[in-house]
>>> print(open('my_file-v1.csv').read())   # CSV, C-alpha atoms
chain,number,residue,atom,x,y,z
V,263,MET,CA,-175.8,-194.4,-89.2
V,264,ALA,CA,-177.8,-191.3,-88.3
V,265,THR,CA,-176.0,-188.1,-87.8
V,266,PRO,CA,-177.0,-185.1,-85.7
V,267,SER,CA,-178.9,-182.4,-87.4
V,268,LYS,CA,-177.2,-179.1,-88.2
V,269,LYS,CA,-177.2,-176.4,-85.4
V,270,ARG,CA,-180.1,-174.0,-85.6
V,271,SER,CA,-179.9,-170.3,-84.9
V,272,ARG,CA,-180.3,-169.4,-81.3
V,273,GLN,CA,-183.2,-167.2,-82.4
V,274,ASP,CA,-185.2,-170.2,-83.7
V,275,PRO,CA,-188.7,-169.5,-82.3
V,276,ASP,CA,-190.1,-173.1,-82.6
V,277,LEU,CA,-187.6,-175.8,-81.6
V,278,ASP,CA,-190.3,-178.3,-80.9
V,279,SER,CA,-191.8,-178.0,-84.4
V,280,GLU,CA,-188.7,-179.7,-85.9
V,281,LYS,CA,-188.6,-183.4,-86.7
V,282,PRO,CA,-187.4,-185.3,-83.6
V,283,ALA,CA,-183.7,-186.2,-83.7
V,284,LYS,CA,-183.1,-189.9,-83.0
V,285,LYS,CA,-180.1,-191.3,-81.1
V,286,GLN,CA,-176.9,-191.8,-83.0
V,287,VAL,CA,-175.6,-195.3,-82.2
V,288,LEU,CA,-171.8,-195.5,-82.4
V,289,ASP,CA,-170.3,-198.5,-84.1
V,290,GLY,CA,-166.8,-199.8,-83.7
V,291,GLU,CA,-164.5,-199.6,-80.8
V,292,SER,CA,-165.8,-197.8,-77.7
V,293,ALA,CA,-163.8,-195.3,-75.7
V,294,LEU,CA,-164.7,-197.4,-72.6
V,295,ASP,CA,-163.1,-200.5,-74.1
V,296,SER,CA,-159.7,-199.0,-73.1
V,297,ILE,CA,-160.7,-199.2,-69.5
V,298,LEU,CA,-157.9,-199.2,-67.0
V,299,ALA,CA,-157.1,-202.3,-65.0
V,300,PRO,CA,-157.7,-202.0,-61.3
V,301,LYS,CA,-155.1,-203.1,-58.8
V,302,LYS,CA,-154.6,-206.8,-58.2
V,303,ALA,CA,-156.2,-206.5,-54.8
V,304,TYR,CA,-159.6,-205.9,-56.5
V,305,ALA,CA,-161.5,-208.1,-59.0
V,306,PRO,CA,-162.6,-206.4,-62.2
V,307,ASP,CA,-166.1,-204.9,-62.1
V,308,ASP,CA,-166.2,-205.3,-58.4
V,309,GLU,CA,-166.2,-201.7,-57.3
V,310,ASP,CA,-168.4,-200.7,-54.4
V,311,PHE,CA,-169.3,-197.5,-56.1
V,312,ARG,CA,-168.0,-195.3,-58.9
V,313,ILE,CA,-167.4,-191.5,-59.1
V,314,VAL,CA,-167.6,-189.8,-62.4
V,315,THR,CA,-166.3,-186.3,-63.0
V,316,GLY,CA,-166.4,-184.0,-66.0
V,317,THR,CA,-163.7,-181.4,-66.7
V,318,TYR,CA,-162.7,-178.3,-68.5
V,319,GLU,CA,-160.3,-180.5,-70.5
V,320,ARG,CA,-163.3,-182.2,-72.1
V,321,ILE,CA,-162.5,-185.5,-70.3
V,322,LEU,CA,-164.6,-187.8,-68.3
V,323,TYR,CA,-162.9,-189.5,-65.3
V,324,GLY,CA,-164.3,-192.7,-63.8
V,325,ILE,CA,-162.9,-193.4,-60.3
V,326,ASN,CA,-163.7,-196.8,-58.7
V,327,ALA,CA,-164.2,-196.8,-54.9
V,328,TYR,CA,-163.4,-199.9,-52.8
V,329,TRP,CA,-163.9,-200.3,-49.1
V,330,LYS,CA,-160.7,-201.3,-47.4
V,331,LYS,CA,-160.7,-204.7,-45.7
V,332,GLY,CA,-159.5,-205.5,-42.2
V,333,GLU,CA,-159.6,-202.0,-40.8
V,334,GLN,CA,-161.4,-201.1,-37.6
V,335,VAL,CA,-162.4,-197.7,-39.0
V,336,GLY,CA,-163.4,-198.1,-42.6
V,337,GLY,CA,-161.6,-196.2,-45.4
V,338,LEU,CA,-161.8,-196.2,-49.2
V,339,ASP,CA,-159.3,-196.9,-51.9
V,340,LEU,CA,-160.0,-194.8,-55.0
V,341,GLU,CA,-158.6,-196.0,-58.4
V,342,PRO,CA,-159.1,-194.6,-61.9
V,343,VAL,CA,-161.0,-197.0,-64.2
V,344,PHE,CA,-161.5,-194.9,-67.3
V,345,ILE,CA,-160.3,-191.6,-68.7
V,346,VAL,CA,-162.4,-190.7,-71.8
V,347,PRO,CA,-162.1,-187.7,-74.1
V,348,ALA,CA,-165.8,-187.2,-74.4
V,349,HIS,CA,-166.6,-183.9,-76.0
V,350,THR,CA,-165.1,-181.1,-78.1
V,351,GLY,CA,-166.1,-178.5,-75.5
V,352,LEU,CA,-165.9,-178.4,-71.7
V,353,ILE,CA,-168.2,-180.8,-69.9
V,354,ARG,CA,-170.9,-178.9,-67.8
V,355,ALA,CA,-173.1,-181.8,-66.6
V,356,VAL,CA,-173.0,-185.5,-65.8
V,357,ALA,CA,-175.8,-187.7,-64.6
V,358,ILE,CA,-176.5,-191.4,-64.0
V,359,GLY,CA,-179.8,-193.0,-64.9
V,360,GLY,CA,-179.8,-196.8,-64.2
V,361,GLN,CA,-177.0,-198.2,-66.3
V,362,PHE,CA,-176.6,-195.1,-68.5
V,363,LEU,CA,-174.2,-192.2,-68.0
V,364,ALA,CA,-175.0,-189.0,-69.8
V,365,SER,CA,-172.7,-186.0,-70.2
V,366,GLY,CA,-173.5,-182.6,-71.5
V,367,SER,CA,-171.1,-180.0,-72.9
V,368,THR,CA,-170.6,-176.6,-74.4
V,369,ASP,CA,-170.5,-178.4,-77.8
V,370,GLU,CA,-174.3,-178.6,-77.4
V,371,LEU,CA,-174.3,-182.4,-77.4
V,372,ILE,CA,-175.3,-185.1,-74.9
V,373,ARG,CA,-173.1,-188.2,-75.0
V,374,LEU,CA,-174.3,-191.5,-73.7
V,375,TYR,CA,-172.5,-194.4,-72.1
V,376,ASP,CA,-173.7,-197.8,-70.9
V,377,VAL,CA,-171.5,-198.1,-67.8
V,378,LYS,CA,-172.7,-201.6,-67.0
V,379,LYS,CA,-171.5,-202.9,-70.4
V,380,ARG,CA,-168.6,-200.5,-70.7
V,381,LYS,CA,-169.8,-199.2,-74.0
V,382,GLU,CA,-170.1,-195.8,-75.6
V,383,TYR,CA,-173.8,-195.9,-76.6
V,384,GLY,CA,-174.3,-192.8,-78.8
V,385,LEU,CA,-175.0,-189.1,-78.7
V,386,LEU,CA,-178.0,-186.8,-78.8
V,387,GLY,CA,-177.8,-183.6,-80.8
V,388,GLY,CA,-179.8,-181.2,-82.8
V,389,GLN,CA,-182.3,-180.1,-80.2
V,390,HIS,CA,-180.3,-177.7,-78.1
V,391,ALA,CA,-178.8,-174.5,-79.6
V,392,GLY,CA,-176.5,-173.7,-76.7
V,393,ASP,CA,-174.5,-175.2,-73.9
V,394,VAL,CA,-176.0,-178.2,-72.1
V,395,THR,CA,-176.1,-176.9,-68.5
V,396,ASP,CA,-177.8,-179.7,-66.6
V,397,ILE,CA,-179.1,-183.3,-67.0
V,398,GLN,CA,-181.5,-185.1,-64.7
V,399,PHE,CA,-183.0,-188.6,-64.9
V,400,TYR,CA,-186.3,-189.9,-63.6
V,401,GLY,CA,-187.6,-193.4,-64.3
V,402,LYS,CA,-188.0,-193.8,-68.1
V,403,TYR,CA,-187.1,-190.2,-68.9
V,404,MET,CA,-184.2,-187.8,-69.0
V,405,LEU,CA,-184.4,-184.0,-68.9
V,406,SER,CA,-181.6,-181.7,-70.3
V,407,ALA,CA,-181.4,-178.0,-69.7
V,408,SER,CA,-179.5,-175.5,-71.9
V,409,GLU,CA,-178.2,-172.0,-72.3
V,410,ASP,CA,-180.7,-171.7,-75.2
V,411,LYS,CA,-183.5,-171.1,-72.5
V,412,THR,CA,-185.1,-174.5,-73.0
V,413,ILE,CA,-185.4,-177.9,-71.4
V,414,CYS,CA,-185.7,-181.1,-73.5
V,415,ILE,CA,-187.5,-184.3,-72.5
V,416,TRP,CA,-186.0,-187.6,-73.8
V,417,ARG,CA,-187.3,-191.2,-73.5
V,418,LYS,CA,-184.6,-193.6,-72.2
V,419,SER,CA,-186.0,-196.8,-73.9
V,420,ASP,CA,-185.1,-195.6,-77.4
V,421,TRP,CA,-183.6,-192.2,-76.7
V,422,GLU,CA,-186.3,-190.5,-78.7
V,423,TYR,CA,-186.7,-186.7,-78.3
V,424,LEU,CA,-190.2,-186.0,-77.0
V,425,LYS,CA,-190.7,-182.3,-76.2
V,426,THR,CA,-189.1,-179.0,-75.6
V,427,LEU,CA,-190.2,-177.0,-72.6
V,428,LYS,CA,-190.2,-173.2,-73.2
V,429,GLY,CA,-190.8,-170.4,-70.7
V,430,HIS,CA,-187.5,-168.9,-69.5
V,431,LYS,CA,-186.1,-165.8,-71.0
V,432,GLY,CA,-182.5,-166.6,-70.1
V,433,ARG,CA,-180.1,-169.5,-69.7
V,434,VAL,CA,-181.5,-172.4,-67.7
V,435,ASN,CA,-179.0,-173.1,-64.9
V,436,SER,CA,-180.6,-176.1,-63.2
V,437,VAL,CA,-183.6,-178.4,-63.2
V,438,ALA,CA,-184.9,-180.7,-60.5
V,439,ILE,CA,-187.6,-183.4,-60.8
V,440,HIS,CA,-190.0,-183.9,-57.9
V,441,PRO,CA,-189.9,-187.3,-56.2
V,442,SER,CA,-193.3,-188.1,-57.6
V,443,GLY,CA,-192.0,-187.5,-61.2
V,444,LYS,CA,-195.1,-185.4,-61.9
V,445,ILE,CA,-193.6,-181.9,-61.8
V,446,ALA,CA,-190.2,-180.3,-62.1
V,447,LEU,CA,-188.6,-177.0,-61.2
V,448,SER,CA,-186.1,-174.9,-63.2
V,449,VAL,CA,-184.1,-171.8,-62.4
V,450,SER,CA,-182.6,-169.4,-64.9
V,451,SER,CA,-180.5,-166.3,-65.5
V,452,ASP,CA,-183.8,-164.5,-66.0
V,453,LYS,CA,-184.2,-164.6,-62.1
V,454,THR,CA,-187.3,-166.8,-62.1
V,455,VAL,CA,-188.2,-170.3,-61.0
V,456,ILE,CA,-190.7,-172.2,-63.2
V,457,VAL,CA,-192.9,-175.1,-62.1
V,458,TRP,CA,-193.4,-177.6,-65.0
V,459,ASN,CA,-196.2,-180.1,-65.2
V,460,LEU,CA,-194.5,-183.1,-66.6
V,461,MET,CA,-197.8,-185.0,-67.2
V,462,THR,CA,-198.8,-182.4,-69.8
V,463,ALA,CA,-195.2,-181.0,-70.6
V,464,ARG,CA,-196.4,-177.5,-70.0
V,465,LYS,CA,-195.6,-174.6,-67.7
V,466,ALA,CA,-197.7,-174.6,-64.5
V,467,SER,CA,-196.5,-171.4,-62.9
V,468,MET,CA,-193.6,-168.9,-62.7
V,469,ASN,CA,-192.3,-167.0,-59.7
V,470,LYS,CA,-189.8,-164.1,-59.7
V,471,LEU,CA,-186.8,-164.6,-57.4
V,472,GLY,CA,-185.2,-161.2,-57.5
V,473,GLN,CA,-181.8,-162.7,-58.1
V,474,GLU,CA,-180.4,-165.5,-60.3
V,475,GLY,CA,-180.9,-169.0,-59.1
V,476,LEU,CA,-177.9,-171.2,-59.8
V,477,CYS,CA,-179.1,-174.6,-58.6
V,478,VAL,CA,-182.4,-176.1,-57.4
V,479,ALA,CA,-183.1,-179.3,-55.5
V,480,TRP,CA,-186.0,-181.1,-53.9
V,481,ASN,CA,-186.0,-182.6,-50.4
V,482,LYS,CA,-186.7,-186.3,-50.1
V,483,SER,CA,-190.4,-185.9,-49.2
V,484,GLY,CA,-191.0,-183.4,-51.9
V,485,ASP,CA,-192.7,-180.8,-49.7
V,486,ARG,CA,-189.8,-178.3,-49.8
V,487,TYR,CA,-187.2,-177.3,-52.3
V,488,GLY,CA,-183.9,-175.3,-52.0
V,489,ILE,CA,-182.6,-172.7,-54.4
V,490,LEU,CA,-178.9,-171.8,-54.4
V,491,PHE,CA,-177.9,-168.2,-55.0
V,492,ASP,CA,-174.5,-166.5,-55.0
V,493,ARG,CA,-174.4,-165.8,-51.3
V,494,GLN,CA,-177.3,-167.8,-49.8
V,495,ILE,CA,-179.6,-170.8,-50.1
V,496,LYS,CA,-183.3,-170.3,-49.6
V,497,ILE,CA,-185.6,-173.2,-48.6
V,498,TYR,CA,-189.2,-172.9,-49.8
V,499,ASN,CA,-192.4,-174.5,-48.8
V,500,VAL,CA,-194.2,-176.1,-51.8
V,501,ALA,CA,-197.7,-175.3,-50.4
V,502,ASP,CA,-197.3,-171.5,-50.6
V,503,ALA,CA,-193.9,-171.0,-52.3
V,504,LYS,CA,-192.8,-168.9,-49.3
V,505,VAL,CA,-189.3,-169.0,-47.7
V,506,ALA,CA,-189.2,-171.4,-44.8
V,507,SER,CA,-185.5,-170.9,-43.9
V,508,THR,CA,-182.4,-169.1,-45.3
V,509,ILE,CA,-178.8,-170.3,-45.2
V,510,SER,CA,-176.2,-167.5,-45.6
V,511,HIS,CA,-172.4,-167.3,-45.6
V,512,ARG,CA,-169.8,-164.7,-46.6
V,513,SER,CA,-168.1,-167.2,-48.9
V,514,ARG,CA,-169.7,-167.7,-52.3
V,515,PHE,CA,-171.9,-170.8,-52.7
V,516,LEU,CA,-171.0,-173.0,-55.7
V,517,CYS,CA,-173.0,-176.2,-55.3
V,518,MET,CA,-175.5,-177.9,-53.0
V,519,ARG,CA,-177.3,-181.1,-52.2
V,520,TYR,CA,-180.1,-182.2,-49.9
V,521,HIS,CA,-179.3,-185.2,-47.7
V,522,THR,CA,-181.6,-187.0,-45.1
V,523,ILE,CA,-180.4,-189.1,-42.2
V,524,ASP,CA,-183.0,-190.6,-39.8
V,525,ASP,CA,-185.7,-188.3,-41.1
V,526,LYS,CA,-183.5,-185.3,-40.4
V,527,GLU,CA,-182.9,-183.0,-43.4
V,528,TYR,CA,-179.6,-181.4,-44.1
V,529,ILE,CA,-178.2,-179.1,-46.9
V,530,ILE,CA,-174.6,-179.8,-48.0
V,531,SER,CA,-172.9,-176.9,-49.8
V,532,GLY,CA,-169.6,-176.3,-51.5
V,533,HIS,CA,-167.9,-172.9,-51.3
V,534,GLU,CA,-165.3,-170.6,-52.8
V,535,ASP,CA,-163.3,-170.7,-49.6
V,536,LYS,CA,-162.2,-174.3,-50.2
V,537,THR,CA,-164.7,-175.7,-47.6
V,538,ALA,CA,-167.9,-177.8,-47.7
V,539,ARG,CA,-170.5,-177.1,-45.0
V,540,ILE,CA,-173.5,-179.1,-43.6
V,541,TRP,CA,-176.5,-177.1,-42.6
V,542,ASP,CA,-179.7,-177.9,-40.7
V,543,ALA,CA,-182.3,-177.5,-43.5
V,544,SER,CA,-185.2,-176.6,-41.1
V,545,THR,CA,-183.4,-173.8,-39.3
V,546,GLY,CA,-180.6,-172.7,-41.6
V,547,ALA,CA,-178.0,-173.2,-38.9
V,548,GLN,CA,-174.5,-174.5,-39.7
V,549,VAL,CA,-173.9,-177.9,-38.2
V,550,CYS,CA,-170.3,-178.5,-39.2
V,551,GLU,CA,-167.7,-177.7,-41.9
V,552,LEU,CA,-165.4,-180.0,-43.9
V,553,ALA,CA,-161.9,-178.5,-44.6
V,554,GLY,CA,-159.1,-180.0,-46.5
V,555,HIS,CA,-159.3,-178.9,-50.1
V,556,LYS,CA,-156.7,-176.5,-51.5
V,557,PHE,CA,-159.0,-174.9,-54.0
V,558,ARG,CA,-162.7,-174.1,-54.1
V,559,VAL,CA,-165.3,-176.9,-53.8
V,560,LYS,CA,-166.7,-176.9,-57.3
V,561,THR,CA,-169.1,-179.8,-57.2
V,562,LEU,CA,-170.4,-182.5,-54.8
V,563,THR,CA,-172.7,-185.5,-54.5
V,564,THR,CA,-173.8,-188.2,-52.0
V,565,ILE,CA,-174.1,-191.9,-52.2
V,566,GLU,CA,-175.1,-194.8,-49.9
V,567,SER,CA,-172.6,-197.7,-49.8
V,568,LYS,CA,-172.3,-200.5,-47.3
V,569,ALA,CA,-174.7,-198.7,-45.0
V,570,VAL,CA,-172.5,-195.6,-45.0
V,571,SER,CA,-173.6,-192.2,-46.2
V,572,VAL,CA,-170.7,-191.0,-48.3
V,573,LEU,CA,-170.2,-187.3,-49.3
V,574,VAL,CA,-168.1,-186.8,-52.4
V,575,THR,CA,-166.6,-183.4,-52.8
V,576,VAL,CA,-164.5,-182.3,-55.8
V,577,SER,CA,-162.4,-179.1,-55.9
V,578,SER,CA,-161.7,-177.1,-59.0
V,579,ASP,CA,-158.2,-178.6,-59.2
V,580,GLY,CA,-159.7,-182.1,-59.7
V,581,VAL,CA,-159.1,-183.5,-56.2
V,582,ILE,CA,-161.8,-185.9,-55.1
V,583,LYS,CA,-162.4,-186.4,-51.4
V,584,CYS,CA,-164.9,-188.8,-49.8
V,585,TRP,CA,-166.3,-188.2,-46.3
V,586,ASP,CA,-168.4,-190.2,-43.8
V,587,ILE,CA,-171.4,-188.0,-43.3
V,588,GLU,CA,-172.8,-189.5,-40.1
V,589,ARG,CA,-169.4,-189.6,-38.3
V,590,THR,CA,-168.8,-186.0,-39.5
V,591,LEU,CA,-172.1,-185.0,-37.9
V,592,THR,CA,-171.2,-186.8,-34.7
V,593,GLN,CA,-167.7,-185.5,-34.4
V,594,LYS,CA,-168.6,-182.0,-35.7
V,595,GLU,CA,-165.6,-182.1,-38.1
V,596,GLY,CA,-164.9,-183.7,-41.4
V,597,VAL,CA,-164.1,-187.5,-41.3
V,598,MET,CA,-162.4,-188.3,-44.6
V,599,LEU,CA,-162.5,-191.8,-46.0
V,600,GLY,CA,-160.2,-191.4,-49.0
V,601,GLU,CA,-159.1,-189.1,-51.9
V,602,TYR,CA,-157.8,-189.1,-55.4
V,603,ASP,CA,-156.2,-186.4,-57.6
V,604,THR,CA,-157.4,-186.4,-61.2
V,605,LYS,CA,-155.0,-183.5,-62.0
V,606,SER,CA,-157.7,-181.8,-64.0
V,607,ARG,CA,-160.0,-178.8,-63.7
V,608,ALA,CA,-163.3,-180.4,-62.5
V,609,THR,CA,-166.7,-179.0,-63.4
V,610,CYS,CA,-169.3,-181.5,-62.3
V,611,CYS,CA,-169.7,-185.0,-60.7
V,612,THR,CA,-172.0,-187.9,-60.1
V,613,ALA,CA,-171.8,-191.3,-58.5
V,614,HIS,CA,-173.4,-194.7,-58.8
V,615,VAL,CA,-173.3,-198.0,-56.9
V,616,GLY,CA,-171.1,-200.6,-58.6
V,617,PHE,CA,-172.5,-203.1,-61.2
V,618,GLY,CA,-170.4,-205.9,-59.6
V,619,GLN,CA,-170.4,-209.7,-60.0
V,620,SER,CA,-171.7,-210.0,-56.4
V,621,GLY,CA,-175.2,-209.1,-57.5
V,622,ARG,CA,-175.6,-205.9,-55.5
V,623,LYS,CA,-178.8,-203.9,-56.0
V,624,GLU,CA,-178.4,-201.2,-58.6
V,625,GLU,CA,-179.2,-197.7,-57.5
V,626,GLU,CA,-179.4,-194.3,-59.2
V,627,HIS,CA,-177.6,-191.2,-57.9
V,628,GLU,CA,-177.4,-187.9,-59.8
>>> encode(input="my_file-v1.csv", output="structure tokens")
Amino acid sequence: MATPSKKRSRQDPDLDSEKPAKKQVLDGESALDSILAPKKAYAPDDEDFRIVTGTYERILYGINAYWKKGEQVGGLDLEPVFIVPAHTGLIRAVAIGGQFLASGSTDELIRLYDVKKRKEYGLLGGQHAGDVTDIQFYGKYMLSASEDKTICIWRKSDWEYLKTLKGHKGRVNSVAIHPSGKIALSVSSDKTVIVWNLMTARKASMNKLGQEGLCVAWNKSGDRYGILFDRQIKIYNVADAKVASTISHRSRFLCMRYHTIDDKEYIISGHEDKTARIWDASTGAQVCELAGHKFRVKTLTTIESKAVSVLVTVSSDGVIKCWDIERTLTQKEGVMLGEYDTKSRATCCTAHVGFGQSGRKEEEHE
């Protein structure tokens, strides 16, 4: 069985000259084999969708979501399905790509799980010489960003390391892949945004931001992108890289996500003041806010399930809340569907549609 290569110095000038590190396939019992049994009201492997959170305690939590039956107004039952000690450092990123779950940590490793087969698949190491800060999937590939100023490209079919993207002079905070899969954006502590040509695996351009970008995200059509800063979110046009709209609030921004309903684009953000907010992406105007968390909203994601757009917010104390986005927009206040307390310090989250026996279509959500 292959083992990860020894950590290199953070000053190593040529990471991509090293021999590619292959996957490490783990033999024996999987951590996911000790999966928890759902309540008798639900059949095994028949969740409608699953939420996965990473934590400071180095643990991955898998929470199954089931739509309640027989109610006039739908709600969700949330039940834990796995609790896995995944890393030796705090978990900073989680992402879903098809049937694979990937988690990145301050231990500089990426751990892989096959969530459909309930198996721990292996780990990727030896390429990053710093915390893994972000992971994104697109089609046959996975990108991982790091504190070591680089982004690595991996191939999903055999988990082969392909290339290291270099260009930033500081920690890479976030990476976002264009809907076409041809380019990507990354933001860094060096206060720049880089456009990467993924067809050639080279830097296409770099723009100075004047402040540190903490998160970057594309809209659905790929003609605009948003960058989250400490106190605002700026929406940029791809054509000229100029600011199209600005979202500002006195409470610190911690996370964001684009969401589209009926061709209308929204930005959803989580804040230090324990609140999530929905904004009109075209004007920057606040549409509504969702209150109910007792601590700051650390991370969030969205997922489509049973024709319902669900917002998942997770506060820093590990409380997960699910909201009906369309009803929230209609009623101008948060409409909650269900909640679960992991009793942990959450850092990141993702969600995916269930791989159930009913044969539902598999979808990817980062």
>>> closest_residue(input="my_file-v1.csv", among="V:His521, V:His390, V:Lys496, V:Lys556", to="Tyr423 in chain V", atoms="all atoms listed in the file")
V:His390
>>> residues_near_point(input="my_file-v1.csv", point="(-183.1, -174.2, -63.1)", cutoff="10 Å", atoms="all atoms listed in the file", output="count of residues only")
32
>>> atom_distance(input="my_file-v1.csv", atom1="CA of Asn469 in chain V", atom2="CA of Ile439 in chain V")
17.1 Å
>>> residues_around(input="my_file-v1.csv", residues="Thr537 in chain V", least_positions_apart="5", cutoff="8 Å", atoms="only C-alpha atoms", output="list in words")
Gly532, Glu551, Leu552, Ala553, Gly554, His555, Arg558 and Val559 of chain V
>>> closest_residue(input="my_file-v1.csv", among="V:Arg320, V:Arg373, V:His440, V:Lys482", to="Thr350 in chain V", atoms="all atoms listed in the file")
V:Arg320
>>> atom_distance(input="my_file-v1.csv", atom1="CA of Cys610 in chain V", atom2="CA of Val356 in chain V")
6.5 Å
>>> decode(input="my_file-v1.csv", residues="range 427-444 of chain V", atoms="N, CA and C atoms", output="PDB file, in the first residue's frame")
ATOM      1  N   LEU V 427      -1.035  24.739  -9.832  1.00  0.00           N
ATOM      2  CA  LEU V 427      -1.193  26.090 -10.349  1.00  0.00           C
ATOM      3  C   LEU V 427      -0.535  27.064  -9.382  1.00  0.00           C
ATOM      4  N   LYS V 428       0.426  27.844  -9.902  1.00  0.00           N
ATOM      5  CA  LYS V 428       1.159  28.792  -9.076  1.00  0.00           C
ATOM      6  C   LYS V 428       0.967  30.201  -9.604  1.00  0.00           C
ATOM      7  N   GLY V 429       0.900  31.167  -8.708  1.00  0.00           N
ATOM      8  CA  GLY V 429       0.722  32.559  -9.117  1.00  0.00           C
ATOM      9  C   GLY V 429       0.442  33.483  -7.957  1.00  0.00           C
ATOM     10  N   HIS V 430      -0.196  32.961  -6.926  1.00  0.00           N
ATOM     11  CA  HIS V 430      -0.472  33.774  -5.746  1.00  0.00           C
ATOM     12  C   HIS V 430       0.774  33.897  -4.870  1.00  0.00           C
ATOM     13  N   LYS V 431       0.822  34.991  -4.119  1.00  0.00           N
ATOM     14  CA  LYS V 431       1.937  35.238  -3.208  1.00  0.00           C
ATOM     15  C   LYS V 431       1.523  35.089  -1.749  1.00  0.00           C
ATOM     16  N   GLY V 432       0.306  34.620  -1.533  1.00  0.00           N
ATOM     17  CA  GLY V 432      -0.198  34.396  -0.182  1.00  0.00           C
ATOM     18  C   GLY V 432      -1.170  33.227  -0.183  1.00  0.00           C
ATOM     19  N   ARG V 433      -1.722  32.929   0.971  1.00  0.00           N
ATOM     20  CA  ARG V 433      -2.667  31.823   1.148  1.00  0.00           C
ATOM     21  C   ARG V 433      -3.825  31.927   0.146  1.00  0.00           C
ATOM     22  N   VAL V 434      -4.180  30.817  -0.505  1.00  0.00           N
ATOM     23  CA  VAL V 434      -5.347  30.778  -1.382  1.00  0.00           C
ATOM     24  C   VAL V 434      -6.568  30.489  -0.513  1.00  0.00           C
ATOM     25  N   ASN V 435      -7.502  31.432  -0.471  1.00  0.00           N
ATOM     26  CA  ASN V 435      -8.663  31.288   0.407  1.00  0.00           C
ATOM     27  C   ASN V 435      -9.811  30.523  -0.234  1.00  0.00           C
ATOM     28  N   SER V 436      -9.973  30.680  -1.554  1.00  0.00           N
ATOM     29  CA  SER V 436     -11.149  30.113  -2.203  1.00  0.00           C
ATOM     30  C   SER V 436     -10.894  29.969  -3.690  1.00  0.00           C
ATOM     31  N   VAL V 437     -11.508  28.955  -4.286  1.00  0.00           N
ATOM     32  CA  VAL V 437     -11.425  28.747  -5.728  1.00  0.00           C
ATOM     33  C   VAL V 437     -12.821  28.420  -6.245  1.00  0.00           C
ATOM     34  N   ALA V 438     -13.141  28.892  -7.462  1.00  0.00           N
ATOM     35  CA  ALA V 438     -14.450  28.650  -8.068  1.00  0.00           C
ATOM     36  C   ALA V 438     -14.261  28.320  -9.538  1.00  0.00           C
ATOM     37  N   ILE V 439     -14.905  27.237  -9.979  1.00  0.00           N
ATOM     38  CA  ILE V 439     -14.785  26.777 -11.358  1.00  0.00           C
ATOM     39  C   ILE V 439     -15.976  27.298 -12.162  1.00  0.00           C
ATOM     40  N   HIS V 440     -15.697  27.884 -13.326  1.00  0.00           N
ATOM     41  CA  HIS V 440     -16.729  28.426 -14.207  1.00  0.00           C
ATOM     42  C   HIS V 440     -17.685  27.311 -14.645  1.00  0.00           C
ATOM     43  N   PRO V 441     -18.976  27.632 -14.869  1.00  0.00           N
ATOM     44  CA  PRO V 441     -19.934  26.601 -15.310  1.00  0.00           C
ATOM     45  C   PRO V 441     -19.509  25.846 -16.562  1.00  0.00           C
ATOM     46  N   SER V 442     -18.671  26.461 -17.394  1.00  0.00           N
ATOM     47  CA  SER V 442     -18.180  25.783 -18.593  1.00  0.00           C
ATOM     48  C   SER V 442     -17.060  24.797 -18.288  1.00  0.00           C
ATOM     49  N   GLY V 443     -16.423  24.952 -17.123  1.00  0.00           N
ATOM     50  CA  GLY V 443     -15.295  24.119 -16.755  1.00  0.00           C
ATOM     51  C   GLY V 443     -13.984  24.526 -17.406  1.00  0.00           C
ATOM     52  N   LYS V 444     -13.981  25.612 -18.178  1.00  0.00           N
ATOM     53  CA  LYS V 444     -12.786  26.004 -18.921  1.00  0.00           C
ATOM     54  C   LYS V 444     -11.865  26.943 -18.151  1.00  0.00           C
TER      55      LYS V 444
END
